[in-house]
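Note: the block below is final_12.cif and it holds mmCIF, C-alpha atoms and all ligand atoms.
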```
data_work
#
loop_
_atom_site.label_atom_id
_atom_site.label_comp_id
_atom_site.auth_asym_id
_atom_site.auth_seq_id
_atom_site.Cartn_x
_atom_site.Cartn_y
_atom_site.Cartn_z
CA MET B 1 20.86 0.75 6.53
CA ILE B 2 21.80 -2.84 5.76
CA ASP B 3 19.95 -5.72 7.41
CA PRO B 4 21.41 -9.06 8.59
CA PHE B 5 20.70 -10.62 5.18
CA GLY B 6 22.60 -7.92 3.29
CA ARG B 7 19.49 -6.13 2.03
CA HIS B 8 19.76 -2.34 1.70
CA ILE B 9 16.78 -0.65 3.29
CA SER B 10 15.98 2.33 1.10
CA TYR B 11 12.19 2.37 1.09
CA LEU B 12 9.95 3.50 3.93
CA ARG B 13 6.18 3.26 4.09
CA VAL B 14 4.49 5.37 6.69
CA SER B 15 0.89 5.00 7.73
CA VAL B 16 -0.17 8.52 8.65
CA THR B 17 -3.55 7.48 10.06
CA ASP B 18 -5.39 4.24 10.82
CA ARG B 19 -8.69 5.93 9.90
CA CYS B 20 -10.47 5.65 6.60
CA ASP B 21 -13.62 6.82 4.87
CA PHE B 22 -14.11 3.30 3.40
CA ARG B 23 -14.53 -0.08 5.09
CA CYS B 24 -13.22 -2.53 2.48
CA VAL B 25 -14.35 -6.02 3.40
CA TYR B 26 -10.89 -7.65 3.20
CA CYS B 27 -9.22 -4.80 5.10
CA MET B 28 -11.51 -3.70 7.93
CA ALA B 29 -14.46 -4.85 9.97
CA GLU B 30 -17.46 -2.51 9.60
CA ASP B 31 -17.34 -1.27 13.19
CA MET B 32 -13.62 -0.68 13.54
CA THR B 33 -12.30 0.82 16.75
CA PHE B 34 -9.71 3.42 15.83
CA LEU B 35 -6.84 4.64 17.93
CA PRO B 36 -7.35 7.56 20.29
CA LYS B 37 -5.73 10.70 18.84
CA SER B 38 -3.27 10.89 21.74
CA GLU B 39 -1.59 7.68 20.58
CA VAL B 40 -1.10 8.89 17.03
CA LEU B 41 2.10 10.74 16.11
CA THR B 42 1.65 14.44 15.44
CA LEU B 43 2.44 15.77 11.98
CA GLU B 44 5.65 17.27 13.40
CA GLU B 45 6.66 13.89 14.83
CA LEU B 46 5.90 12.16 11.54
CA ASP B 47 8.09 14.72 9.79
CA ARG B 48 10.97 14.16 12.24
CA LEU B 49 10.66 10.42 11.89
CA CYS B 50 10.63 10.44 8.08
CA THR B 51 13.54 12.87 8.04
CA ALA B 52 15.58 10.60 10.33
CA PHE B 53 15.03 7.69 7.94
CA ILE B 54 15.94 9.86 4.94
CA GLU B 55 19.16 10.86 6.68
CA LYS B 56 19.85 7.14 7.09
CA GLY B 57 19.49 6.45 3.40
CA VAL B 58 15.80 6.09 2.63
CA ARG B 59 15.35 7.25 -0.98
CA LYS B 60 11.71 6.43 -1.49
CA LEU B 61 8.93 7.38 0.89
CA ARG B 62 5.33 6.25 0.56
CA LEU B 63 2.56 7.65 2.72
CA THR B 64 -0.34 5.35 3.29
CA GLY B 65 -2.93 4.48 5.90
CA GLY B 66 -5.85 3.97 6.49
CA GLU B 67 -6.58 6.66 3.98
CA PRO B 68 -3.71 9.15 4.07
CA LEU B 69 -5.77 11.98 2.58
CA VAL B 70 -8.35 11.92 5.41
CA ARG B 71 -5.72 12.86 8.01
CA ARG B 72 -6.39 16.46 9.01
CA ASP B 73 -3.81 18.87 7.52
CA VAL B 74 -1.93 16.03 5.85
CA MET B 75 -0.87 18.43 3.09
CA THR B 76 1.23 20.31 5.66
CA LEU B 77 3.25 17.14 6.17
CA ILE B 78 3.45 16.34 2.46
CA ARG B 79 4.58 19.85 1.56
CA SER B 80 7.17 19.78 4.32
CA LEU B 81 8.55 16.39 3.22
CA GLY B 82 8.79 17.77 -0.30
CA ARG B 83 11.86 19.74 0.85
CA HIS B 84 13.84 16.49 0.76
CA LEU B 85 13.02 16.16 -2.93
CA ASP B 86 14.38 19.66 -3.54
CA THR B 87 17.71 18.80 -1.89
CA GLY B 88 17.92 15.47 -3.73
CA ALA B 89 18.06 13.50 -0.47
CA LEU B 90 14.79 11.85 -1.42
CA GLU B 91 14.21 10.39 -4.87
CA GLU B 92 10.49 9.87 -4.61
CA LEU B 93 7.61 10.95 -2.39
CA THR B 94 4.43 9.11 -3.14
CA LEU B 95 1.23 7.81 -1.64
CA THR B 96 -1.30 5.03 -1.78
CA SER B 97 -4.87 6.26 -1.71
CA ASN B 98 -8.39 5.02 -2.18
CA GLY B 99 -8.92 8.03 -4.47
CA SER B 100 -11.91 9.52 -2.65
CA GLN B 101 -10.17 12.81 -1.82
CA LEU B 102 -8.06 13.21 -4.96
CA GLY B 103 -10.48 15.71 -6.47
CA ARG B 104 -9.56 18.06 -3.62
CA PHE B 105 -5.86 17.36 -3.36
CA ALA B 106 -4.47 16.40 -6.77
CA ASP B 107 -3.09 19.85 -7.66
CA GLU B 108 -1.60 20.40 -4.22
CA LEU B 109 0.11 17.02 -4.36
CA VAL B 110 1.77 17.96 -7.63
CA ASP B 111 2.86 21.30 -6.14
CA ALA B 112 4.44 19.43 -3.21
CA GLY B 113 6.57 17.35 -5.60
CA VAL B 114 4.52 14.15 -5.79
CA LYS B 115 4.77 12.65 -9.27
CA ARG B 116 3.12 9.26 -8.98
CA ILE B 117 0.37 7.78 -6.85
CA ASN B 118 -1.18 4.37 -6.37
CA VAL B 119 -4.95 4.22 -6.28
CA SER B 120 -6.85 1.13 -5.20
CA VAL B 121 -9.72 0.12 -7.46
CA ASP B 122 -10.99 -3.44 -7.28
CA THR B 123 -13.96 -3.14 -9.62
CA LEU B 124 -15.49 -0.79 -12.21
CA ASP B 125 -19.00 -1.91 -11.32
CA GLU B 126 -20.71 0.65 -9.09
CA GLY B 127 -22.73 -1.91 -7.16
CA LYS B 128 -19.77 -4.19 -6.54
CA PHE B 129 -17.63 -1.20 -5.58
CA ALA B 130 -20.16 -0.26 -2.90
CA ASP B 131 -20.28 -3.88 -1.72
CA ILE B 132 -16.48 -4.20 -1.45
CA THR B 133 -15.75 -0.81 0.09
CA ARG B 134 -19.04 -0.66 2.06
CA TRP B 135 -18.86 3.16 2.31
CA GLY B 136 -17.13 4.06 -0.97
CA ARG B 137 -18.76 5.40 -4.11
CA LEU B 138 -17.17 4.63 -7.47
CA PRO B 139 -18.04 7.90 -9.31
CA GLN B 140 -16.28 9.95 -6.61
CA VAL B 141 -13.17 7.79 -6.98
CA LEU B 142 -13.21 7.93 -10.77
CA ASP B 143 -13.58 11.74 -10.61
CA GLY B 144 -10.62 11.82 -8.21
CA ILE B 145 -8.54 9.71 -10.56
CA ALA B 146 -9.47 11.98 -13.47
CA ALA B 147 -8.40 15.02 -11.43
CA ALA B 148 -5.09 13.32 -10.63
CA LYS B 149 -4.51 12.56 -14.29
CA ASP B 150 -5.36 16.15 -15.29
CA ALA B 151 -2.95 17.44 -12.65
CA GLY B 152 -0.18 15.42 -14.30
CA LEU B 153 0.20 12.62 -11.77
CA GLN B 154 1.23 9.20 -13.05
CA ILE B 155 -1.26 6.65 -11.79
CA LYS B 156 -0.95 3.02 -10.85
CA ILE B 157 -4.12 1.13 -10.10
CA ASN B 158 -3.90 -1.62 -7.48
CA THR B 159 -6.54 -4.31 -7.67
CA VAL B 160 -6.99 -7.00 -5.03
CA ALA B 161 -8.05 -10.21 -6.79
CA LEU B 162 -11.29 -11.45 -5.23
CA ARG B 163 -12.80 -14.76 -6.30
CA GLY B 164 -16.43 -14.46 -7.32
CA VAL B 165 -16.23 -10.66 -7.16
CA ASN B 166 -13.88 -9.20 -9.75
CA ASP B 167 -12.48 -12.23 -11.56
CA GLU B 168 -15.03 -11.61 -14.34
CA GLU B 169 -13.74 -8.07 -14.77
CA VAL B 170 -10.09 -8.71 -15.43
CA PHE B 171 -10.31 -7.73 -19.09
CA ASP B 172 -12.38 -4.60 -18.35
CA LEU B 173 -9.74 -3.46 -15.86
CA ILE B 174 -6.92 -4.17 -18.32
CA GLU B 175 -8.69 -2.27 -21.10
CA TRP B 176 -9.64 0.69 -18.90
CA THR B 177 -6.12 1.17 -17.54
CA GLY B 178 -4.64 0.62 -21.00
CA ARG B 179 -6.92 3.30 -22.46
CA GLU B 180 -6.19 5.79 -19.67
CA GLY B 181 -2.44 5.16 -19.64
CA PHE B 182 -2.40 3.83 -16.06
CA ASP B 183 -0.26 0.97 -14.77
CA LEU B 184 -2.15 -1.95 -13.27
CA THR B 185 -1.05 -4.35 -10.54
CA PHE B 186 -3.02 -7.25 -9.16
CA ILE B 187 -2.58 -8.23 -5.50
CA GLU B 188 -3.47 -11.43 -3.65
CA THR B 189 -5.44 -10.98 -0.43
CA MET B 190 -3.25 -11.34 2.61
CA PRO B 191 -4.33 -12.75 5.97
CA LEU B 192 -3.97 -9.55 7.99
CA GLY B 193 -6.31 -8.80 10.86
CA GLU B 194 -9.74 -10.19 11.71
CA VAL B 195 -12.43 -9.08 9.26
CA ASP B 196 -16.11 -10.03 9.09
CA VAL B 197 -15.85 -12.26 6.02
CA ALA B 198 -14.01 -15.55 5.49
CA ARG B 199 -10.95 -14.71 3.38
CA VAL B 200 -10.59 -18.23 2.05
CA ASP B 201 -13.89 -17.84 0.17
CA ARG B 202 -12.58 -14.80 -1.68
CA TYR B 203 -8.94 -15.83 -2.07
CA LEU B 204 -7.99 -15.99 -5.75
CA PRO B 205 -4.45 -17.15 -6.49
CA LEU B 206 -2.96 -14.92 -9.17
CA SER B 207 -1.78 -18.03 -11.03
CA LEU B 208 -5.46 -18.56 -11.96
CA LEU B 209 -5.89 -14.93 -12.92
CA LYS B 210 -2.81 -15.13 -15.13
CA ALA B 211 -4.13 -18.26 -16.81
CA GLN B 212 -7.34 -16.35 -17.57
CA ILE B 213 -5.42 -13.37 -19.02
CA GLY B 214 -3.38 -15.84 -21.07
CA GLN B 215 -6.52 -16.93 -22.91
CA ARG B 216 -6.76 -13.51 -24.55
CA TYR B 217 -3.28 -12.03 -24.46
CA GLU B 218 0.24 -13.32 -24.96
CA MET B 219 2.14 -12.47 -21.77
CA ILE B 220 5.87 -11.86 -22.03
CA GLU B 221 7.74 -12.07 -18.73
CA SER B 222 9.44 -8.75 -18.04
CA ASP B 223 12.62 -8.17 -16.06
CA HIS B 224 11.29 -4.73 -15.02
CA ARG B 225 11.78 -4.33 -11.25
CA THR B 226 10.93 -1.51 -8.88
CA GLY B 227 12.75 -3.04 -5.91
CA GLY B 228 9.37 -4.17 -4.57
CA PRO B 229 7.49 -7.43 -4.54
CA ALA B 230 5.72 -7.00 -7.89
CA ARG B 231 6.69 -9.12 -10.87
CA TYR B 232 5.70 -7.87 -14.32
CA VAL B 233 4.60 -9.10 -17.72
CA ASN B 234 4.09 -7.19 -20.96
CA LEU B 235 1.06 -7.92 -23.10
CA ALA B 236 2.40 -8.68 -26.57
CA GLU B 237 -0.71 -7.32 -28.31
CA THR B 238 -0.77 -3.88 -26.65
CA GLY B 239 2.61 -3.46 -24.93
CA GLN B 240 0.78 -2.79 -21.65
CA ARG B 241 2.68 -3.76 -18.51
CA LEU B 242 0.87 -5.66 -15.76
CA GLY B 243 2.19 -6.25 -12.25
CA PHE B 244 1.44 -9.16 -9.94
CA ILE B 245 2.02 -9.21 -6.18
CA THR B 246 1.80 -12.78 -4.99
CA PRO B 247 2.73 -13.03 -1.32
CA LEU B 248 0.95 -16.38 -1.00
CA THR B 249 1.75 -18.28 -4.15
CA HIS B 250 5.24 -16.89 -4.58
CA ASN B 251 7.34 -15.52 -1.79
CA PHE B 252 9.12 -12.24 -2.55
CA CYS B 253 11.14 -11.66 0.59
CA GLU B 254 14.67 -12.17 -0.69
CA SER B 255 14.71 -8.78 -2.43
CA CYS B 256 12.79 -6.85 0.26
CA ASN B 257 14.17 -3.32 0.64
CA ARG B 258 11.47 -1.83 2.85
CA VAL B 259 10.25 -1.25 6.36
CA ARG B 260 7.00 0.22 7.62
CA VAL B 261 6.00 2.59 10.38
CA THR B 262 2.49 2.81 11.81
CA CYS B 263 0.82 6.08 12.75
CA THR B 264 1.73 5.39 16.40
CA GLY B 265 5.39 5.09 15.50
CA MET B 266 5.72 1.30 15.63
CA LEU B 267 8.35 0.17 13.16
CA TYR B 268 7.55 -3.17 11.51
CA MET B 269 10.50 -4.74 9.79
CA CYS B 270 8.20 -7.18 7.94
CA LEU B 271 4.53 -6.84 6.91
CA GLY B 272 3.97 -10.50 7.74
CA GLN B 273 5.67 -10.74 11.15
CA ASP B 274 4.79 -9.35 14.57
CA ASP B 275 8.22 -8.13 15.64
CA SER B 276 8.35 -4.34 15.94
CA ALA B 277 10.20 -1.45 17.56
CA ASP B 278 8.59 1.46 19.41
CA LEU B 279 9.92 4.60 17.73
CA ARG B 280 7.39 6.87 19.43
CA ALA B 281 9.06 6.37 22.80
CA ALA B 282 12.42 7.03 21.16
CA LEU B 283 11.08 10.13 19.37
CA ARG B 284 9.75 11.55 22.62
CA ALA B 285 12.86 10.64 24.64
CA ASP B 286 14.96 13.54 23.38
CA GLU B 287 15.04 16.35 20.85
CA ASP B 288 18.29 15.53 19.08
CA ASN B 289 17.11 12.17 17.64
CA SER B 290 19.89 10.17 19.30
CA ALA B 291 17.45 7.70 20.90
CA LEU B 292 15.50 7.57 17.64
CA ASN B 293 18.56 6.83 15.52
CA ALA B 294 19.72 4.13 17.96
CA ALA B 295 16.27 2.51 17.99
CA ILE B 296 16.15 2.45 14.17
CA ASP B 297 19.62 0.88 13.90
CA GLU B 298 18.81 -1.73 16.50
CA ALA B 299 15.55 -2.65 14.75
CA ILE B 300 17.06 -2.93 11.27
CA GLY B 301 19.55 -5.34 12.84
CA ARG B 302 16.72 -7.75 13.49
CA LYS B 303 14.76 -7.51 10.23
CA PRO B 304 13.55 -11.08 9.66
CA LYS B 305 14.31 -13.10 6.57
CA GLY B 306 10.67 -13.28 5.48
CA HIS B 307 7.04 -14.02 6.22
CA ASP B 308 5.01 -17.21 6.14
CA PHE B 309 1.46 -16.32 5.20
CA VAL B 310 -1.10 -19.11 4.96
CA ILE B 311 -4.71 -18.95 3.75
CA ASP B 312 -6.44 -22.32 3.73
CA ARG B 313 -9.47 -24.00 5.24
CA ARG B 314 -7.60 -25.33 8.28
CA THR B 315 -5.88 -22.05 9.13
CA LYS B 316 -8.72 -19.88 10.37
CA ALA B 317 -6.83 -17.18 12.25
CA PRO B 318 -5.03 -14.38 10.39
CA SER B 319 -1.23 -14.85 10.17
CA VAL B 320 -0.76 -11.54 11.93
CA SER B 321 -3.43 -9.93 14.03
CA ARG B 322 -3.04 -6.31 12.95
CA HIS B 323 -5.01 -5.01 9.99
CA MET B 324 -3.43 -3.76 6.78
CA SER B 325 -4.79 -0.32 7.70
CA VAL B 326 -2.53 -0.35 10.76
CA THR B 327 0.72 -1.24 9.06
CA GLY B 328 -0.19 0.47 5.82
CA GLY B 329 -0.44 -1.38 2.52
N1 LIG B 401 -6.56 3.48 1.85
C1 LIG B 401 -5.53 3.40 0.88
C2 LIG B 401 -5.91 2.44 -0.23
O1 LIG B 401 -6.90 1.71 -0.09
O2 LIG B 401 -5.21 2.43 -1.24
C3 LIG B 401 -4.18 3.02 1.44
C4 LIG B 401 -4.14 1.96 2.49
S1 LIG B 401 -4.70 0.35 1.98
C5 LIG B 401 -4.48 -0.57 3.46
C6 LIG B 401 -3.37 -0.14 0.88
C7 LIG B 401 -3.64 -1.32 -0.01
O3 LIG B 401 -3.77 -2.48 0.77
C8 LIG B 401 -4.89 -1.22 -0.84
O4 LIG B 401 -4.55 -1.44 -2.20
C9 LIG B 401 -5.75 -2.34 -0.34
O5 LIG B 401 -6.53 -2.89 -1.37
C10 LIG B 401 -4.72 -3.31 0.17
N2 LIG B 401 -5.20 -4.24 1.19
C11 LIG B 401 -5.86 -3.99 2.34
N3 LIG B 401 -6.07 -5.12 3.06
C12 LIG B 401 -5.51 -6.11 2.33
C13 LIG B 401 -5.38 -7.52 2.51
N4 LIG B 401 -5.85 -8.13 3.59
N5 LIG B 401 -4.72 -8.21 1.55
C14 LIG B 401 -4.22 -7.60 0.44
N6 LIG B 401 -4.30 -6.29 0.22
C15 LIG B 401 -4.94 -5.55 1.14
FE1 LIG B 402 -9.58 2.05 3.68
FE2 LIG B 402 -7.66 1.36 2.01
FE3 LIG B 402 -8.45 -0.35 3.92
FE4 LIG B 402 -10.09 0.17 1.92
S1 LIG B 402 -8.09 -0.83 1.77
S2 LIG B 402 -10.64 0.17 4.10
S3 LIG B 402 -9.65 2.25 1.45
S4 LIG B 402 -7.46 1.56 4.22
#
```
Would you mind giving the structure from this file in structure tokens?
Amino acid sequence: MIDPFGRHISYLRVSVTDRCDFRCVYCMAEDMTFLPKSEVLTLEELDRLCTAFIEKGVRKLRLTGGEPLVRRDVMTLIRSLGRHLDTGALEELTLTSNGSQLGRFADELVDAGVKRINVSVDTLDEGKFADITRWGRLPQVLDGIAAAKDAGLQIKINTVALRGVNDEEVFDLIEWTGREGFDLTFIETMPLGEVDVARVDRYLPLSLLKAQIGQRYEMIESDHRTGGPARYVNLAETGQRLGFITPLTHNFCESCNRVRVTCTGMLYMCLGQDDSADLRAALRADEDNSALNAAIDEAIGRKPKGHDFVIDRRTKAPSVSRHMSVTGG
């Protein structure tokens, strides 16, 4: 799959549910209305859809959500998708999780062929963690992460930079991940979906965070790339690698290799644009995937050049109306 700007699409993110056991303040409103089950793709449909993309050249598949591990019987899907790792069609099967269910699933994930996972942790302070996630409890997440480590999973921690919330904790997070052998990536908040709090009050440009890190560590720019939006530095003192995802202060679209599918089968060619293609209708149109394949090809042909996110005092509305939990982070 090659888009109009010559970018090879080899990375698919699939949101397997819009539901979650947390209500992070920048991601969801507290009283979210979730989709009726009938609108959500079945596990069999998700399998067919992922397989169609793999046959078209997707080499890396990330399951996300909502919280992927709260979808009922999600391990059935993950185990089934693992067959594409065995044949070599798929290079990597991975997921992004809030960590709450890892205690239950870490060993099974390893058995299914998952080698690495991303876990979102914005703070190591129990009180702040409860404030940010509303319903999450830090000890449960840390136990889940420990179980994942024991099971042999490589772990990357994703931290959303939040002004006045976790900017004081940058060094604690760096030291914790360094000690545990986890990668760490900081993310800027993105204006996705209406939430109850004003994002501009919490928005922390990563340029400021970097300046803060620079007071204690020498940062050496790294040319390490994963094909994604993150840019990396190595800390001279410890050798630890840190990632930064800066959709607002630095646009990363020129190297974008990914597309995203929601749990209802909507294909979004860009996280920051509203254009989409309805793959559920195509999936249900026939059994032999011909409508599905045609719909995918047509959609890739109109992948946009990039997004134009804005967070400032004058721009009150989110750039796109759907929440991150819909498109999947
Ligand atoms: N529930 C899982 C988790 O939290 O890791 C997977 C889905 S979550 C939507 C994926 C990632 O998106 C998380 O790291 C979360 O912090 C991030 N996220 C959610 N809303 C965001 C926003 N408005 N801006 C930036 N990142 C956001
Ligand atoms: Fe749930 Fe992840 Fe959104 Fe938090 S960021 S509410 S854990 S989907």
Discussion item. Just want the 6 Å neighbourhood of Asn234 (chain B), counted on all atoms listed in the file, with same-chain residues fewer than 4 positions away dropped. Output as an MDAnalysis selection string.
Written reply: chainID B and resid 219:220 239:241
Item to complete: Would you mind reading off the distance between CA of Arg23 (chain B) and atom C3 of ligand LIG 401 (chain B), one decimal, in Å?
Response: 11.4 Å
Practice prompt. Could you tell me how far CA of Ala236 (chain B) lies from CA of Lys210 (chain B), in Å and to one decimal?
Written response: 14.1 Å
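By all atoms listed in the file, and with residues fewer than 3 positions from Pro229 (chain B) along its chain excluded, the set lying at most 8 Å from it is Ile245, Thr246, Phe252, Cys253, Ser255 and Cys256 of chain B.
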Discussion item. Give me the residues near region 162-173 of chain B as a PyMOL selection string, where near means some atom within 9 Å (using only C-alpha atoms) and where sequence neighbours in that chain fewer than 2 positions away do not count.
Written reply: chain B and resi 122-125+128+132+159-160+175-178+184+188-189+201-205+209+212-213+216
Item to complete: In Å, rounded to a single decimal, give me how far CA of Leu46 (chain B) is from CA of Asp288 (chain B).
Response: 14.9 Å
Discussion item. Neighbouring residues of ligand LIG 402 (chain B) are defined here as those with any atom at most 8 Å from a ligand atom, counting only C-alpha atoms and all ligand atoms; list them as a ChimeraX atom specification.
Written reply: /B:18-28,65-67,97-98,120,133,324-325,328-329
